[in-house]
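Reproduced below: coords26.pdb, with PDB, C-alpha atoms.
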ATOM      1  CA  MET A  30      54.341  23.235 -53.503
ATOM      2  CA  MET A  31      55.711  19.872 -54.643
ATOM      3  CA  THR A  32      58.319  21.332 -56.989
ATOM      4  CA  ARG A  33      60.597  24.351 -56.924
ATOM      5  CA  GLU A  34      62.774  25.764 -59.707
ATOM      6  CA  ILE A  35      66.247  26.958 -58.757
ATOM      7  CA  GLU A  36      69.373  27.966 -60.646
ATOM      8  CA  VAL A  37      72.651  26.209 -59.884
ATOM      9  CA  ALA A  38      75.867  26.730 -61.868
ATOM     10  CA  GLY A  39      73.856  28.547 -64.534
ATOM     11  CA  GLU A  40      71.436  25.624 -65.016
ATOM     12  CA  ARG A  41      67.755  25.393 -64.115
ATOM     13  CA  LEU A  42      67.001  22.493 -61.799
ATOM     14  CA  THR A  43      63.625  21.307 -60.520
ATOM     15  CA  LEU A  44      63.583  20.172 -56.912
ATOM     16  CA  HIS A  45      60.822  17.689 -56.100
ATOM     17  CA  ALA A  46      59.297  16.946 -52.707
ATOM     18  CA  GLN A  47      59.893  13.250 -53.352
ATOM     19  CA  ARG A  48      63.576  14.098 -52.675
ATOM     20  CA  ALA A  49      64.733  14.210 -56.280
ATOM     21  CA  ILE A  50      66.118  16.704 -58.782
ATOM     22  CA  HIS A  51      65.161  16.898 -62.441
ATOM     23  CA  TRP A  52      67.635  18.533 -64.816
ATOM     24  CA  ALA A  53      65.346  19.274 -67.741
ATOM     25  CA  ALA A  54      68.082  20.393 -70.146
ATOM     26  CA  THR A  55      69.481  16.853 -70.220
ATOM     27  CA  ARG A  56      66.305  14.965 -69.194
ATOM     28  CA  THR A  57      68.177  13.596 -66.176
ATOM     29  CA  LEU A  58      66.526  12.563 -62.909
ATOM     30  CA  LEU A  59      68.810  12.594 -59.852
ATOM     31  CA  VAL A  60      68.277  10.773 -56.571
ATOM     32  CA  SER A  61      70.621   9.641 -53.828
ATOM     33  CA  ASP A  62      70.892   7.184 -50.955
ATOM     34  CA  LEU A  63      68.016   4.800 -51.591
ATOM     35  CA  HIS A  64      69.533   2.089 -49.363
ATOM     36  CA  LEU A  65      67.344  -0.551 -50.965
ATOM     37  CA  GLY A  66      67.077  -3.709 -48.895
ATOM     38  CA  LYS A  67      67.866  -1.922 -45.634
ATOM     39  CA  GLY A  68      64.760  -3.305 -43.947
ATOM     40  CA  ALA A  69      65.795  -6.854 -44.874
ATOM     41  CA  VAL A  70      69.278  -6.267 -43.448
ATOM     42  CA  PHE A  71      67.780  -5.015 -40.185
ATOM     43  CA  ARG A  72      65.360  -7.907 -39.921
ATOM     44  CA  ARG A  73      68.162 -10.429 -40.453
ATOM     45  CA  ALA A  74      69.928  -8.766 -37.537
ATOM     46  CA  GLY A  75      66.847  -9.201 -35.346
ATOM     47  CA  ILE A  76      65.789  -5.550 -35.492
ATOM     48  CA  ALA A  77      62.029  -5.262 -35.837
ATOM     49  CA  VAL A  78      61.240  -2.900 -38.715
ATOM     50  CA  PRO A  79      58.226  -3.092 -41.028
ATOM     51  CA  SER A  80      58.563  -4.618 -44.485
ATOM     52  CA  GLY A  81      57.619  -2.830 -47.691
ATOM     53  CA  ASP A  82      60.336  -0.156 -47.742
ATOM     54  CA  THR A  83      61.743  -1.281 -51.095
ATOM     55  CA  GLU A  84      58.276  -1.397 -52.680
ATOM     56  CA  ASP A  85      57.514   2.097 -51.383
ATOM     57  CA  ASP A  86      60.746   3.534 -52.771
ATOM     58  CA  LEU A  87      60.296   1.897 -56.176
ATOM     59  CA  ALA A  88      56.723   3.202 -56.334
ATOM     60  CA  ARG A  89      57.977   6.722 -55.648
ATOM     61  CA  LEU A  90      60.545   6.340 -58.426
ATOM     62  CA  ASP A  91      57.780   5.132 -60.745
ATOM     63  CA  ALA A  92      55.790   8.295 -59.995
ATOM     64  CA  LEU A  93      58.795  10.538 -60.700
ATOM     65  CA  ILE A  94      59.524   8.744 -63.965
ATOM     66  CA  ALA A  95      55.890   9.128 -65.003
ATOM     67  CA  GLU A  96      55.966  12.844 -64.165
ATOM     68  CA  PHE A  97      59.259  13.816 -65.823
ATOM     69  CA  ALA A  98      59.793  11.107 -68.491
ATOM     70  CA  PRO A  99      63.586  11.226 -68.051
ATOM     71  CA  GLU A 100      66.041   9.652 -70.467
ATOM     72  CA  ARG A 101      68.514   9.019 -67.664
ATOM     73  CA  LEU A 102      68.245   8.210 -63.967
ATOM     74  CA  THR A 103      71.429   8.844 -61.995
ATOM     75  CA  VAL A 104      71.752   7.600 -58.433
ATOM     76  CA  LEU A 105      74.348   9.535 -56.438
ATOM     77  CA  GLY A 106      75.495   6.581 -54.370
ATOM     78  CA  ASP A 107      74.192   3.993 -51.910
ATOM     79  CA  LEU A 108      71.561   2.439 -54.127
ATOM     80  CA  VAL A 109      71.658  -0.613 -51.861
ATOM     81  CA  HIS A 110      72.271  -0.925 -48.147
ATOM     82  CA  GLY A 111      74.009  -4.233 -47.613
ATOM     83  CA  ALA A 112      74.736  -7.763 -48.699
ATOM     84  CA  ALA A 113      72.037  -9.941 -50.248
ATOM     85  CA  THR A 114      71.671 -13.077 -52.320
ATOM     86  CA  GLU A 115      70.070 -13.549 -55.710
ATOM     87  CA  ARG A 116      67.104 -15.098 -53.905
ATOM     88  CA  SER A 117      66.488 -12.089 -51.668
ATOM     89  CA  ALA A 118      62.963 -10.844 -52.294
ATOM     90  CA  TRP A 119      64.005  -7.218 -52.653
ATOM     91  CA  VAL A 120      66.637  -8.121 -55.265
ATOM     92  CA  GLU A 121      64.008  -9.828 -57.416
ATOM     93  CA  ARG A 122      61.701  -6.827 -57.086
ATOM     94  CA  VAL A 123      64.427  -4.353 -58.071
ATOM     95  CA  ARG A 124      65.478  -6.463 -61.056
ATOM     96  CA  ALA A 125      61.855  -6.662 -62.252
ATOM     97  CA  TRP A 126      61.497  -2.899 -61.766
ATOM     98  CA  ARG A 127      64.626  -2.291 -63.841
ATOM     99  CA  GLN A 128      63.283  -4.439 -66.648
ATOM    100  CA  ARG A 129      60.060  -2.396 -66.711
ATOM    101  CA  HIS A 130      62.162   0.715 -67.283
ATOM    102  CA  ASP A 131      64.587  -0.706 -69.829
ATOM    103  CA  HIS A 132      64.033   2.377 -72.021
ATOM    104  CA  ILE A 133      65.825   4.555 -69.440
ATOM    105  CA  ALA A 134      69.590   4.655 -68.917
ATOM    106  CA  ILE A 135      70.132   4.035 -65.219
ATOM    107  CA  GLU A 136      73.532   4.590 -63.650
ATOM    108  CA  LEU A 137      74.949   4.529 -60.143
ATOM    109  CA  ILE A 138      77.800   6.642 -58.833
ATOM    110  CA  ALA A 139      79.121   4.011 -56.447
ATOM    111  CA  GLY A 140      78.784   4.849 -52.755
ATOM    112  CA  ASN A 141      80.287   3.272 -49.675
ATOM    113  CA  HIS A 142      77.365   0.875 -49.136
ATOM    114  CA  ASP A 143      77.283  -0.316 -52.744
ATOM    115  CA  ARG A 144      80.437  -2.382 -52.302
ATOM    116  CA  HIS A 145      78.364  -5.009 -50.466
ATOM    117  CA  PHE A 146      76.378  -6.064 -53.559
ATOM    118  CA  ASP A 147      76.943  -6.485 -57.301
ATOM    119  CA  VAL A 148      74.674  -3.674 -58.477
ATOM    120  CA  ALA A 149      75.597  -4.322 -62.120
ATOM    121  CA  SER A 150      73.738  -7.649 -61.827
ATOM    122  CA  LEU A 151      70.526  -5.609 -61.574
ATOM    123  CA  GLY A 152      71.089  -4.154 -65.038
ATOM    124  CA  ILE A 153      72.375  -0.830 -63.697
ATOM    125  CA  GLU A 154      75.615   0.720 -64.906
ATOM    126  CA  VAL A 155      78.055   1.363 -62.054
ATOM    127  CA  ARG A 156      80.518   4.241 -62.222
ATOM    128  CA  PRO A 157      83.265   4.399 -59.577
ATOM    129  CA  GLY A 158      84.379   7.746 -58.215
ATOM    130  CA  GLN A 159      82.544  10.623 -59.856
ATOM    131  CA  LEU A 160      81.017  11.508 -63.205
ATOM    132  CA  SER A 161      81.548  14.729 -65.128
ATOM    133  CA  ALA A 162      78.317  16.190 -66.537
ATOM    134  CA  PRO A 163      79.233  19.832 -67.263
ATOM    135  CA  PRO A 164      78.672  22.142 -65.517
ATOM    136  CA  PHE A 165      78.178  19.516 -62.811
ATOM    137  CA  VAL A 166      80.146  16.715 -61.261
ATOM    138  CA  PHE A 167      78.000  13.870 -59.933
ATOM    139  CA  SER A 168      79.527  12.359 -56.805
ATOM    140  CA  HIS A 169      78.503  10.389 -53.755
ATOM    141  CA  HIS A 170      80.640  12.378 -51.351
ATOM    142  CA  PRO A 171      80.055  16.143 -51.004
ATOM    143  CA  GLU A 172      83.512  17.265 -52.041
ATOM    144  CA  LYS A 173      84.562  20.223 -54.164
ATOM    145  CA  HIS A 174      85.772  19.365 -57.683
ATOM    146  CA  ALA A 175      87.685  21.654 -60.000
ATOM    147  CA  GLU A 176      85.785  20.249 -63.011
ATOM    148  CA  GLY A 177      82.415  21.662 -61.964
ATOM    149  CA  TYR A 178      79.739  22.155 -59.333
ATOM    150  CA  THR A 179      79.305  18.991 -57.261
ATOM    151  CA  LEU A 180      75.889  17.393 -56.811
ATOM    152  CA  SER A 181      76.123  14.699 -54.148
ATOM    153  CA  GLY A 182      74.501  12.662 -51.424
ATOM    154  CA  HIS A 183      75.961  10.612 -48.555
ATOM    155  CA  VAL A 184      75.179  13.021 -45.705
ATOM    156  CA  HIS A 185      71.364  12.568 -45.574
ATOM    157  CA  PRO A 186      71.000  16.307 -44.839
ATOM    158  CA  GLY A 187      68.183  17.529 -42.646
ATOM    159  CA  VAL A 188      67.097  20.723 -40.956
ATOM    160  CA  THR A 189      65.017  21.572 -37.880
ATOM    161  CA  VAL A 190      62.032  23.828 -38.534
ATOM    162  CA  ARG A 191      59.843  25.425 -35.868
ATOM    163  CA  ASP A 192      56.076  25.521 -36.172
ATOM    164  CA  GLY A 193      54.953  27.500 -33.180
ATOM    165  CA  TRP A 194      56.144  25.555 -30.151
ATOM    166  CA  ARG A 195      56.756  22.395 -32.168
ATOM    167  CA  ARG A 196      60.033  21.405 -33.779
ATOM    168  CA  HIS A 197      60.206  19.242 -36.900
ATOM    169  CA  ARG A 198      63.333  17.523 -38.248
ATOM    170  CA  LEU A 199      62.955  17.379 -42.016
ATOM    171  CA  PRO A 200      64.991  16.113 -44.978
ATOM    172  CA  ALA A 201      66.518  18.954 -46.963
ATOM    173  CA  PHE A 202      68.249  19.977 -50.152
ATOM    174  CA  VAL A 203      71.394  21.969 -49.372
ATOM    175  CA  PHE A 204      73.329  24.141 -51.819
ATOM    176  CA  ASP A 205      76.636  25.783 -50.961
ATOM    177  CA  ARG A 206      78.884  27.739 -53.319
ATOM    178  CA  ASP A 207      80.633  24.709 -54.815
ATOM    179  CA  VAL A 208      78.709  21.679 -53.540
ATOM    180  CA  GLY A 209      75.047  20.672 -53.386
ATOM    181  CA  MET A 210      73.578  17.782 -51.389
ATOM    182  CA  LEU A 211      70.377  15.875 -52.049
ATOM    183  CA  PRO A 212      68.242  14.489 -49.230
ATOM    184  CA  ALA A 213      68.314  10.715 -48.862
ATOM    185  CA  PHE A 214      65.615   9.136 -51.017
ATOM    186  CA  GLY A 215      65.175   5.912 -49.060
ATOM    187  CA  THR A 216      62.260   5.350 -46.717
ATOM    188  CA  LEU A 217      64.378   3.979 -43.848
ATOM    189  CA  THR A 218      67.171   6.549 -43.944
ATOM    190  CA  GLY A 219      68.031   8.875 -41.065
ATOM    191  CA  LEU A 220      68.909  12.563 -40.992
ATOM    192  CA  HIS A 221      72.068  14.552 -40.287
ATOM    193  CA  ASP A 222      71.319  18.113 -39.199
ATOM    194  CA  VAL A 223      73.031  20.826 -41.238
ATOM    195  CA  GLU A 224      73.625  24.327 -39.983
ATOM    196  CA  ARG A 225      72.161  27.439 -41.533
ATOM    197  CA  ALA A 226      74.975  29.615 -42.808
ATOM    198  CA  ASN A 227      75.538  32.679 -44.967
ATOM    199  CA  GLY A 228      75.511  31.779 -48.656
ATOM    200  CA  ARG A 229      73.834  28.420 -48.037
ATOM    201  CA  ARG A 230      70.463  27.619 -49.625
ATOM    202  CA  ILE A 231      68.339  25.090 -47.764
ATOM    203  CA  VAL A 232      65.014  23.774 -48.993
ATOM    204  CA  ALA A 233      63.219  21.495 -46.540
ATOM    205  CA  VAL A 234      60.990  18.605 -47.578
ATOM    206  CA  THR A 235      57.701  18.651 -45.659
ATOM    207  CA  PRO A 236      54.645  16.381 -45.981
ATOM    208  CA  ALA A 237      52.893  19.288 -47.710
ATOM    209  CA  GLY A 238      55.723  20.066 -50.143
ATOM    210  CA  LEU A 239      58.928  22.076 -50.321
ATOM    211  CA  LEU A 240      59.742  24.851 -47.851
ATOM    212  CA  PRO A 241      62.645  27.263 -48.464
ATOM    213  CA  VAL A 242      64.404  27.712 -45.131
ATOM    214  CA  SER A 243      67.261  29.937 -46.190
ATOM    215  CA  GLU A 244      68.326  31.323 -49.556
ATOM    216  CA  ARG A 245      71.024  33.561 -50.937
TER     217      ARG A 245
END

As structure tokens, the full file:
Amino acid sequence: MMTREIEVAGERLTLHAQRAIHWAATRTLLVSDLHLGKGAVFRRAGIAVPSGDTEDDLARLDALIAEFAPERLTVLGDLVHGAATERSAWVERVRAWRQRHDHIAIELIAGNHDRHFDVASLGIEVRPGQLSAPPFVFSHHPEKHAEGYTLSGHVHPGVTVRDGWRRHRLPAFVFDRDVGMLPAFGTLTGLHDVERANGRRIVAVTPAGLLPVSER
């Protein structure tokens, strides 16, 4: 199952196995932690990683936009990974991608990595701190806010799932009482294992689709 409907803070949200959330009531698509250009940063540092990560991530965003036709795309922090110049190949690709989707409002809730690059130069609105979108608060960091239920990123949550004698570490959506976390969207992002706990909903992202691991 590639999608799964859940209720959070009284709103219906659609989780997607491409590590995104669609909030149909406001036609908003949510993703987090793309870390665009990370491969280029690694290669400049002499770390051998394959190219094509930015193209892959933009293609996945294209597919989500085609499926949901959102009016707004909100990135919950860390759109980019590190410093770059205007001549960096990935910067040119992202700017061209943004121009193809000029009918969509695209905004970034600034994350800790975004300080290394002028994201506004890509044609994307940058919002520092958090954004109130009742009943939600969009934030990069998974912190409780009095103004509403927090939807966030930053952690790159993952969970270990057993399949017989095999163990798989998988990206995951995590929903606690006051804070929800999206899995990292980016191709070259790692995982931080989260614990299963009472009152915590975890939905793992597998190659075959979404797998509820624990629910209220």

Could you check which of A:Phe202, A:Asn227, A:Pro171, A:Ala53 is closest to Glu40 (chain A), using all atoms listed in the file?
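Counting all atoms listed in the file, the residue closest to Glu40 (chain A) is A:Ala53.
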
Would you list the contacts of Gly238 (chain A) as a PyMOL selection string, taking every protein, DNA or RNA residue within 9 Å and counting only C-alpha atoms, but skipping same-chain residues closer than 4 positions in sequence?
chain A and resi 30-32+45-47+233-234

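Computed from the coordinates, the CA of Arg33 (chain A) to CA of Leu240 (chain A) distance equals 9.1 Å.
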
CA of Leu239 (chain A) to CA of Leu58 (chain A): how many Å, to one decimal?
17.5 Å

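Checking A:Arg122, A:His174, A:His145, A:Arg191 one by one against Gln159 (chain A), counting all atoms listed in the file, you find the shortest gap at A:His174.
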
note - CA of Gly228 (chain A) and CA of Val203 (chain A) are separated by 10.7 Å

Counting only C-alpha atoms, find residues at most 10 Å from (77.3, 9.9, -42.2) (file frame) and give them as a ChimeraX atom specification.
/A:183-186,219-221

I'd like the contact shell of Val166 (chain A) - 7 Å cut-off, all atoms listed in the file, skipping same-chain residues fewer than 4 positions apart - returned as JSON, numbers by chain.
{"A": [159, 160, 161, 162, 176, 177, 178, 179, 180]}

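Here the PyMOL selection byres ((chain A and resi 130-134) around 6) matches the residues Glu100, Arg101, Arg127, Gln128, Arg129 and Ile135 of chain A.
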
Once the PyMOL selection byres ((chain A and resi 216) around 9) is applied to the coordinates I shared, what remains selected? I want it as a PyMOL selection string.
chain A and resi 63-65+82-83+85-86+213-215+217-219

How would the residues just chosen look if you wrote them out with C-alpha atoms as a PDB file, in the coordinates of the input?
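Written out: part09.pdb:
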ATOM      1  CA  LEU A  63      68.016   4.800 -51.591  1.00  0.00           C
ATOM      2  CA  HIS A  64      69.533   2.089 -49.363  1.00  0.00           C
ATOM      3  CA  LEU A  65      67.344  -0.551 -50.965  1.00  0.00           C
ATOM      4  CA  ASP A  82      60.336  -0.156 -47.742  1.00  0.00           C
ATOM      5  CA  THR A  83      61.743  -1.281 -51.095  1.00  0.00           C
ATOM      6  CA  ASP A  85      57.514   2.097 -51.383  1.00  0.00           C
ATOM      7  CA  ASP A  86      60.746   3.534 -52.771  1.00  0.00           C
ATOM      8  CA  ALA A 213      68.314  10.715 -48.862  1.00  0.00           C
ATOM      9  CA  PHE A 214      65.615   9.136 -51.017  1.00  0.00           C
ATOM     10  CA  GLY A 215      65.175   5.912 -49.060  1.00  0.00           C
ATOM     11  CA  LEU A 217      64.378   3.979 -43.848  1.00  0.00           C
ATOM     12  CA  THR A 218      67.171   6.549 -43.944  1.00  0.00           C
ATOM     13  CA  GLY A 219      68.031   8.875 -41.065  1.00  0.00           C
TER      14      GLY A 219
END

Report the centre and edge lengths, in Å to one decimal, of an axis-aligned box enclosing every atom of region 177-184 of chain A listed in the file, padded by 4 Å on each side, as AutoDock Vina command-line options.
--center_x 78.5 --center_y 16.4 --center_z -53.8 --size_x 15.9 --size_y 19.5 --size_z 24.3

Run the PyMOL selection byres ((chain A and resi 225) around 10) mentally over the shown coordinates, then write out the matched residues as number ranges by chain, using the chain letters and numbers from the document.
A: 188-189, 203, 222-224, 226-231, 242-244

Which is closer to Glu172 (chain A) than all the others in A:Arg56, A:Val148, A:Gly193, A:Arg206, using only C-alpha atoms?
A:Arg206

I need the residue nearest Ile50 (chain A) from this list: A:Ala149, A:Leu211, A:Ala237, A:Ala118. Use all atoms listed in the file for the distance.
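Closest residue, counting all atoms listed in the file: A:Leu211.
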
All residues 9 Å or closer to Leu105 (chain A), all atoms listed in the file, same chain fewer than 2 positions away omitted, as a PyMOL selection string:
chain A and resi 59-62+103+107-108+136-140+159+167-170+180-183+211
